[in-house]
$ cat entry-v8.cif   # mmCIF, C-alpha atoms
data_my_file
loop_
_atom_site.group_PDB
_atom_site.id
_atom_site.type_symbol
_atom_site.label_atom_id
_atom_site.label_comp_id
_atom_site.auth_asym_id
_atom_site.auth_seq_id
_atom_site.Cartn_x
_atom_site.Cartn_y
_atom_site.Cartn_z
ATOM 1 C CA MET F 1 -20.886 -47.142 6.338
ATOM 2 C CA SER F 2 -17.159 -46.617 6.605
ATOM 3 C CA SER F 3 -15.819 -43.254 7.656
ATOM 4 C CA LYS F 4 -14.139 -42.699 4.286
ATOM 5 C CA LEU F 5 -17.294 -43.506 2.316
ATOM 6 C CA LYS F 6 -19.342 -41.242 4.594
ATOM 7 C CA HIS F 7 -16.921 -38.340 4.148
ATOM 8 C CA ILE F 8 -16.817 -38.805 0.383
ATOM 9 C CA SER F 9 -20.612 -39.089 0.094
ATOM 10 C CA ILE F 10 -21.250 -35.958 2.149
ATOM 11 C CA SER F 11 -18.546 -34.065 0.247
ATOM 12 C CA ILE F 12 -19.999 -35.029 -3.123
ATOM 13 C CA LEU F 13 -23.434 -33.870 -1.978
ATOM 14 C CA VAL F 14 -22.013 -30.543 -0.765
ATOM 15 C CA CYS F 15 -20.174 -29.962 -4.039
ATOM 16 C CA LEU F 16 -23.229 -30.890 -6.116
ATOM 17 C CA LEU F 17 -25.383 -28.574 -3.992
ATOM 18 C CA ILE F 18 -22.959 -25.704 -4.599
ATOM 19 C CA GLY F 19 -23.041 -26.597 -8.285
ATOM 20 C CA PHE F 20 -26.832 -26.567 -8.246
ATOM 21 C CA ILE F 21 -26.841 -23.072 -6.745
ATOM 22 C CA GLY F 22 -24.449 -21.938 -9.465
ATOM 23 C CA ALA F 23 -26.635 -23.564 -12.114
ATOM 24 C CA ILE F 24 -29.709 -21.677 -10.912
ATOM 25 C CA VAL F 25 -27.857 -18.363 -11.173
ATOM 26 C CA THR F 26 -26.411 -19.363 -14.539
ATOM 27 C CA GLN F 27 -29.831 -20.210 -15.935
ATOM 28 C CA SER F 28 -31.244 -16.874 -14.790
ATOM 29 C CA GLY F 29 -28.740 -14.942 -16.910
ATOM 30 C CA PHE F 30 -28.356 -17.430 -19.710
ATOM 31 C CA ASP F 31 -31.473 -16.877 -21.805
ATOM 32 C CA ASN F 32 -31.862 -13.137 -21.396
ATOM 33 C CA TRP F 33 -28.213 -12.095 -21.581
ATOM 34 C CA TYR F 34 -25.691 -14.764 -22.518
ATOM 35 C CA LEU F 35 -27.441 -15.822 -25.718
ATOM 36 C CA ASN F 36 -27.545 -12.182 -26.854
ATOM 37 C CA ILE F 37 -23.856 -11.318 -26.455
ATOM 38 C CA GLN F 38 -20.972 -12.077 -28.774
ATOM 39 C CA ARG F 39 -19.206 -15.317 -27.893
ATOM 40 C CA PRO F 40 -15.932 -16.676 -29.259
ATOM 41 C CA THR F 41 -16.026 -19.274 -32.002
ATOM 42 C CA PHE F 42 -14.327 -21.861 -29.776
ATOM 43 C CA LYS F 43 -17.205 -21.831 -27.266
ATOM 44 C CA PRO F 44 -18.449 -25.382 -26.833
ATOM 45 C CA PRO F 45 -22.151 -26.141 -27.286
ATOM 46 C CA SER F 46 -24.216 -25.085 -24.295
ATOM 47 C CA TRP F 47 -25.395 -28.628 -23.506
ATOM 48 C CA ILE F 48 -21.844 -29.715 -22.612
ATOM 49 C CA PHE F 49 -21.457 -27.429 -19.592
ATOM 50 C CA GLY F 50 -23.937 -29.256 -17.337
ATOM 51 C CA PRO F 51 -22.384 -32.721 -17.716
ATOM 52 C CA VAL F 52 -18.827 -31.378 -17.453
ATOM 53 C CA TRP F 53 -19.592 -29.424 -14.282
ATOM 54 C CA THR F 54 -21.410 -32.421 -12.789
ATOM 55 C CA VAL F 55 -18.390 -34.683 -13.332
ATOM 56 C CA LEU F 56 -16.054 -32.002 -11.982
ATOM 57 C CA TYR F 57 -18.151 -31.496 -8.846
ATOM 58 C CA ILE F 58 -18.178 -35.248 -8.251
ATOM 59 C CA LEU F 59 -14.382 -35.415 -8.628
ATOM 60 C CA MET F 60 -14.037 -32.401 -6.335
ATOM 61 C CA GLY F 61 -16.325 -34.074 -3.794
ATOM 62 C CA ILE F 62 -14.292 -37.270 -3.848
ATOM 63 C CA ALA F 63 -11.113 -35.243 -3.379
ATOM 64 C CA LEU F 64 -12.652 -33.269 -0.524
ATOM 65 C CA GLY F 65 -13.878 -36.447 1.160
ATOM 66 C CA LEU F 66 -10.457 -38.083 0.936
ATOM 67 C CA VAL F 67 -8.812 -35.070 2.562
ATOM 68 C CA TRP F 68 -11.515 -34.683 5.204
ATOM 69 C CA ASN F 69 -11.182 -38.377 6.053
ATOM 70 C CA LYS F 70 -7.571 -37.836 7.160
ATOM 71 C CA GLY F 71 -8.887 -36.117 10.295
ATOM 72 C CA LEU F 72 -9.649 -32.560 11.296
ATOM 73 C CA HIS F 73 -7.034 -32.688 14.041
ATOM 74 C CA HIS F 74 -4.247 -32.276 11.453
ATOM 75 C CA ALA F 75 -3.271 -28.696 10.655
ATOM 76 C CA TRP F 76 -2.582 -29.623 7.031
ATOM 77 C CA VAL F 77 -6.059 -31.072 6.644
ATOM 78 C CA LYS F 78 -7.621 -27.934 8.099
ATOM 79 C CA THR F 79 -5.549 -25.725 5.807
ATOM 80 C CA ALA F 80 -6.524 -27.802 2.775
ATOM 81 C CA LEU F 81 -10.205 -27.682 3.758
ATOM 82 C CA TYR F 82 -10.107 -23.908 4.291
ATOM 83 C CA HIS F 83 -8.640 -23.484 0.821
ATOM 84 C CA PHE F 84 -11.302 -25.745 -0.646
ATOM 85 C CA GLY F 85 -14.122 -23.910 1.122
ATOM 86 C CA PHE F 86 -12.907 -20.586 -0.200
ATOM 87 C CA LEU F 87 -12.570 -22.182 -3.639
ATOM 88 C CA LEU F 88 -16.253 -23.156 -3.567
ATOM 89 C CA LEU F 89 -17.195 -19.617 -2.526
ATOM 90 C CA LEU F 90 -15.231 -18.063 -5.379
ATOM 91 C CA ASN F 91 -16.621 -20.580 -7.833
ATOM 92 C CA THR F 92 -20.167 -19.632 -6.853
ATOM 93 C CA ALA F 93 -19.267 -15.931 -6.838
ATOM 94 C CA TRP F 94 -18.080 -16.251 -10.420
ATOM 95 C CA SER F 95 -21.468 -17.578 -11.537
ATOM 96 C CA ILE F 96 -23.269 -14.825 -9.668
ATOM 97 C CA VAL F 97 -21.086 -12.053 -11.082
ATOM 98 C CA PHE F 98 -20.901 -13.391 -14.652
ATOM 99 C CA PHE F 99 -24.466 -14.599 -15.194
ATOM 100 C CA GLY F 100 -26.342 -12.808 -12.404
ATOM 101 C CA PHE F 101 -24.753 -9.346 -12.535
ATOM 102 C CA LYS F 102 -23.578 -9.732 -16.162
ATOM 103 C CA LEU F 103 -20.131 -8.306 -15.423
ATOM 104 C CA PRO F 104 -17.529 -10.172 -17.517
ATOM 105 C CA ILE F 105 -14.597 -8.006 -16.381
ATOM 106 C CA LEU F 106 -15.269 -8.511 -12.674
ATOM 107 C CA SER F 107 -15.934 -12.215 -13.213
ATOM 108 C CA LEU F 108 -12.592 -12.411 -15.045
ATOM 109 C CA LEU F 109 -10.834 -11.062 -11.966
ATOM 110 C CA ILE F 110 -12.683 -13.595 -9.821
ATOM 111 C CA ILE F 111 -11.822 -16.543 -12.047
ATOM 112 C CA VAL F 112 -8.136 -15.580 -12.239
ATOM 113 C CA SER F 113 -8.141 -15.453 -8.427
ATOM 114 C CA LEU F 114 -9.911 -18.803 -8.436
ATOM 115 C CA LEU F 115 -7.261 -20.313 -10.714
ATOM 116 C CA ILE F 116 -4.541 -19.205 -8.305
ATOM 117 C CA LEU F 117 -6.506 -20.555 -5.356
ATOM 118 C CA VAL F 118 -6.996 -23.917 -7.081
ATOM 119 C CA ILE F 119 -3.243 -24.221 -7.534
ATOM 120 C CA PHE F 120 -2.736 -23.577 -3.810
ATOM 121 C CA THR F 121 -5.557 -25.986 -2.962
ATOM 122 C CA ILE F 122 -3.956 -28.698 -5.089
ATOM 123 C CA LYS F 123 -0.679 -28.056 -3.260
ATOM 124 C CA TRP F 124 -2.330 -28.507 0.145
ATOM 125 C CA PHE F 125 -4.378 -31.492 -0.981
ATOM 126 C CA LYS F 126 -1.164 -33.107 -2.234
ATOM 127 C CA VAL F 127 0.361 -32.782 1.247
ATOM 128 C CA VAL F 128 -2.621 -34.626 2.715
ATOM 129 C CA SER F 129 -3.559 -37.004 -0.127
ATOM 130 C CA PRO F 130 -1.742 -36.974 -3.480
ATOM 131 C CA PHE F 131 -4.633 -38.822 -5.137
ATOM 132 C CA ALA F 132 -7.066 -36.136 -3.949
ATOM 133 C CA ALA F 133 -4.804 -33.480 -5.465
ATOM 134 C CA TYR F 134 -4.779 -35.273 -8.815
ATOM 135 C CA LEU F 135 -8.583 -35.371 -8.794
ATOM 136 C CA LEU F 136 -8.581 -31.547 -8.869
ATOM 137 C CA ILE F 137 -6.460 -31.303 -12.017
ATOM 138 C CA PRO F 138 -9.429 -31.654 -14.432
ATOM 139 C CA TYR F 139 -11.102 -28.793 -12.543
ATOM 140 C CA LEU F 140 -7.966 -26.668 -12.961
ATOM 141 C CA ILE F 141 -7.827 -27.415 -16.691
ATOM 142 C CA TRP F 142 -11.538 -26.614 -17.159
ATOM 143 C CA LEU F 143 -11.145 -23.375 -15.185
ATOM 144 C CA ALA F 144 -8.243 -22.367 -17.414
ATOM 145 C CA PHE F 145 -10.494 -22.889 -20.441
ATOM 146 C CA ILE F 146 -13.389 -20.999 -18.816
ATOM 147 C CA THR F 147 -10.954 -18.180 -17.981
ATOM 148 C CA LEU F 148 -10.035 -17.910 -21.648
ATOM 149 C CA LEU F 149 -13.714 -18.018 -22.605
ATOM 150 C CA ASN F 150 -14.519 -15.325 -20.008
ATOM 151 C CA TYR F 151 -11.659 -13.153 -21.323
ATOM 152 C CA GLU F 152 -12.844 -13.452 -24.912
ATOM 153 C CA ILE F 153 -16.444 -12.640 -23.962
ATOM 154 C CA TRP F 154 -15.223 -9.532 -22.153
ATOM 155 C CA ARG F 155 -13.016 -8.581 -25.125
ATOM 156 C CA LEU F 156 -15.767 -9.105 -27.697
ATOM 157 C CA ASN F 157 -18.384 -7.184 -25.760
#
$ encode --input "entry-v8.cif" --output "structure tokens"
Amino acid sequence: MSSKLKHISISILVCLLIGFIGAIVTQSGFDNWYLNIQRPTFKPPSWIFGPVWTVLYILMGIALGLVWNKGLHHAWVKTALYHFGFLLLLNTAWSIVFFGFKLPILSLLIIVSLLILVIFTIKWFKVVSPFAAYLLIPYLIWLAFITLLNYEIWRLN
């Protein structure tokens, strides 16, 4: 297996694993809390979130693998990977705070921080691999939508 394919495969698995952890937390708060709060009218159907997040985590994994494949001896690669690692932590923290602790205002602060971090991560990925940076743009767009959804849930409740 080529080095690039190995890095991409491992990265996709890591991202999907993080997504799976988030999904477990999400499911725990979904039925007993989320379905009983007021949600904005523009909220998509619940079934769409799983497939969208799966595609996003795969794109994120490909992007991560492309950057990682450039070599850990480069300072730019390390910086990009640090940003990405923190991004995954904040992404998981959002799920825990929103669905696990049921705190829309705190999760809003986390997701706004996450949006800013994604912009910085895209910047660093672009230095290392422009294609990898472009693969994160759908994630940024989805996060912007989820931020709006999170804000409206906080406002309505």
$ closest_residue --input "entry-v8.cif" --among "F:Val97, F:Leu16, F:Ile116, F:Ser107" --to "Val55 (chain F)" --atoms "all atoms listed in the file"
F:Leu16
$ closest_residue --input "entry-v8.cif" --among "F:Ile10, F:Leu17, F:Leu117, F:Leu109" --to "Thr147 (chain F)" --atoms "all atoms listed in the file"
F:Leu109
$ closest_atom_pairs --input "entry-v8.cif" --of "region 29-106 of chain F" --to "region 120-125 of chain F" --cutoff "10 Å" --atoms "all atoms listed in the file" --output "JSON lines"
{"residue": "F:Ala63", "atom": "CA", "partner": "F:Phe125", "partner_atom": "CA", "distance": 8.1}
{"residue": "F:Leu64", "atom": "CA", "partner": "F:Phe125", "partner_atom": "CA", "distance": 8.5}
{"residue": "F:Leu66", "atom": "CA", "partner": "F:Phe125", "partner_atom": "CA", "distance": 9.2}
{"residue": "F:Val67", "atom": "CA", "partner": "F:Phe125", "partner_atom": "CA", "distance": 6.7}
{"residue": "F:Trp68", "atom": "CA", "partner": "F:Phe125", "partner_atom": "CA", "distance": 10.0}
{"residue": "F:Trp76", "atom": "CA", "partner": "F:Trp124", "partner_atom": "CA", "distance": 7.0}
{"residue": "F:Val77", "atom": "CA", "partner": "F:Phe125", "partner_atom": "CA", "distance": 7.8}
{"residue": "F:Lys78", "atom": "CA", "partner": "F:Trp124", "partner_atom": "CA", "distance": 9.6}
{"residue": "F:Thr79", "atom": "CA", "partner": "F:Trp124", "partner_atom": "CA", "distance": 7.1}
{"residue": "F:Ala80", "atom": "CA", "partner": "F:Trp124", "partner_atom": "CA", "distance": 5.0}
{"residue": "F:Leu81", "atom": "CA", "partner": "F:Thr121", "partner_atom": "CA", "distance": 8.3}
{"residue": "F:Tyr82", "atom": "CA", "partner": "F:Thr121", "partner_atom": "CA", "distance": 8.8}
{"residue": "F:His83", "atom": "CA", "partner": "F:Thr121", "partner_atom": "CA", "distance": 5.5}
{"residue": "F:Phe84", "atom": "CA", "partner": "F:Thr121", "partner_atom": "CA", "distance": 6.2}
{"residue": "F:Gly85", "atom": "CA", "partner": "F:Thr121", "partner_atom": "CA", "distance": 9.7}
{"residue": "F:Phe86", "atom": "CA", "partner": "F:Thr121", "partner_atom": "CA", "distance": 9.5}
{"residue": "F:Leu87", "atom": "CA", "partner": "F:Thr121", "partner_atom": "CA", "distance": 8.0}
$ residues_around --input "entry-v8.cif" --residues "Lys4 (chain F)" --least-positions-apart "2" --cutoff "8 Å" --atoms "only C-alpha atoms" --output "PyMOL selection string"
chain F and resi 2+6-8+65-66+69
$ write_last_selection --input "entry-v8.cif" --atoms "C-alpha atoms" --output "short mmCIF file (atom, residue, chain, number, x, y, z; two decimals), in the coordinates of the input"
data_model
loop_
_atom_site.label_atom_id
_atom_site.label_comp_id
_atom_site.auth_asym_id
_atom_site.auth_seq_id
_atom_site.Cartn_x
_atom_site.Cartn_y
_atom_site.Cartn_z
CA SER F 2 -17.16 -46.62 6.60
CA LYS F 6 -19.34 -41.24 4.59
CA HIS F 7 -16.92 -38.34 4.15
CA ILE F 8 -16.82 -38.80 0.38
CA GLY F 65 -13.88 -36.45 1.16
CA LEU F 66 -10.46 -38.08 0.94
CA ASN F 69 -11.18 -38.38 6.05
#
$ resolve_selection --input "entry-v8.cif" --expression "the PyMOL selection byres ((chain F and resi 59) around 9)" --output "number ranges by chain"
F: 12, 54-58, 60-64, 132, 135-136, 138-139
$ write_last_selection --input "entry-v8.cif" --atoms "C-alpha atoms" --output "mmCIF file, in the coordinates of the input"
data_model
loop_
_atom_site.group_PDB
_atom_site.id
_atom_site.type_symbol
_atom_site.label_atom_id
_atom_site.label_comp_id
_atom_site.auth_asym_id
_atom_site.auth_seq_id
_atom_site.Cartn_x
_atom_site.Cartn_y
_atom_site.Cartn_z
ATOM 1 C CA ILE F 12 -19.999 -35.029 -3.123
ATOM 2 C CA THR F 54 -21.410 -32.421 -12.789
ATOM 3 C CA VAL F 55 -18.390 -34.683 -13.332
ATOM 4 C CA LEU F 56 -16.054 -32.002 -11.982
ATOM 5 C CA TYR F 57 -18.151 -31.496 -8.846
ATOM 6 C CA ILE F 58 -18.178 -35.248 -8.251
ATOM 7 C CA MET F 60 -14.037 -32.401 -6.335
ATOM 8 C CA GLY F 61 -16.325 -34.074 -3.794
ATOM 9 C CA ILE F 62 -14.292 -37.270 -3.848
ATOM 10 C CA ALA F 63 -11.113 -35.243 -3.379
ATOM 11 C CA LEU F 64 -12.652 -33.269 -0.524
ATOM 12 C CA ALA F 132 -7.066 -36.136 -3.949
ATOM 13 C CA LEU F 135 -8.583 -35.371 -8.794
ATOM 14 C CA LEU F 136 -8.581 -31.547 -8.869
ATOM 15 C CA PRO F 138 -9.429 -31.654 -14.432
ATOM 16 C CA TYR F 139 -11.102 -28.793 -12.543
#
$ resolve_selection --input "entry-v8.cif" --expression "the PyMOL selection byres ((chain F and resi 110) around 12)" --output "ChimeraX atom specification"
/F:86-98,103-109,111-117,143,146-147,150-151
$ atom_distance --input "entry-v8.cif" --atom1 "CA of Val52 (chain F)" --atom2 "CA of Val128 (chain F)"
26.1 Å
$ residues_around --input "entry-v8.cif" --residues "Pro40 (chain F)" --least-positions-apart "6" --cutoff "10 Å" --atoms "all atoms listed in the file" --output "PyMOL selection string"
chain F and resi 148-153+155-156
$ closest_residue --input "entry-v8.cif" --among "F:Val25, F:Ile119, F:Val127, F:Ile48" --to "His74 (chain F)" --atoms "only C-alpha atoms"
F:Val127
$ atom_distance --input "entry-v8.cif" --atom1 "CA of Val14 (chain F)" --atom2 "CA of Trp33 (chain F)"
28.5 Å
$ atom_distance --input "entry-v8.cif" --atom1 "CA of Phe101 (chain F)" --atom2 "CA of Ile137 (chain F)"
28.6 Å
$ closest_residue --input "entry-v8.cif" --among "F:Phe99, F:Asn36, F:Leu5, F:Trp154" --to "Ala23 (chain F)" --atoms "only C-alpha atoms"
F:Phe99
$ axis_aligned_box --input "entry-v8.cif" --around "region 42-49 of chain F" --padding-each-side "8 Å" --output "AutoDock Vina command-line options"
--center_x -19.9 --center_y -25.8 --center_z -24.7 --size_x 27.1 --size_y 23.9 --size_z 26.2
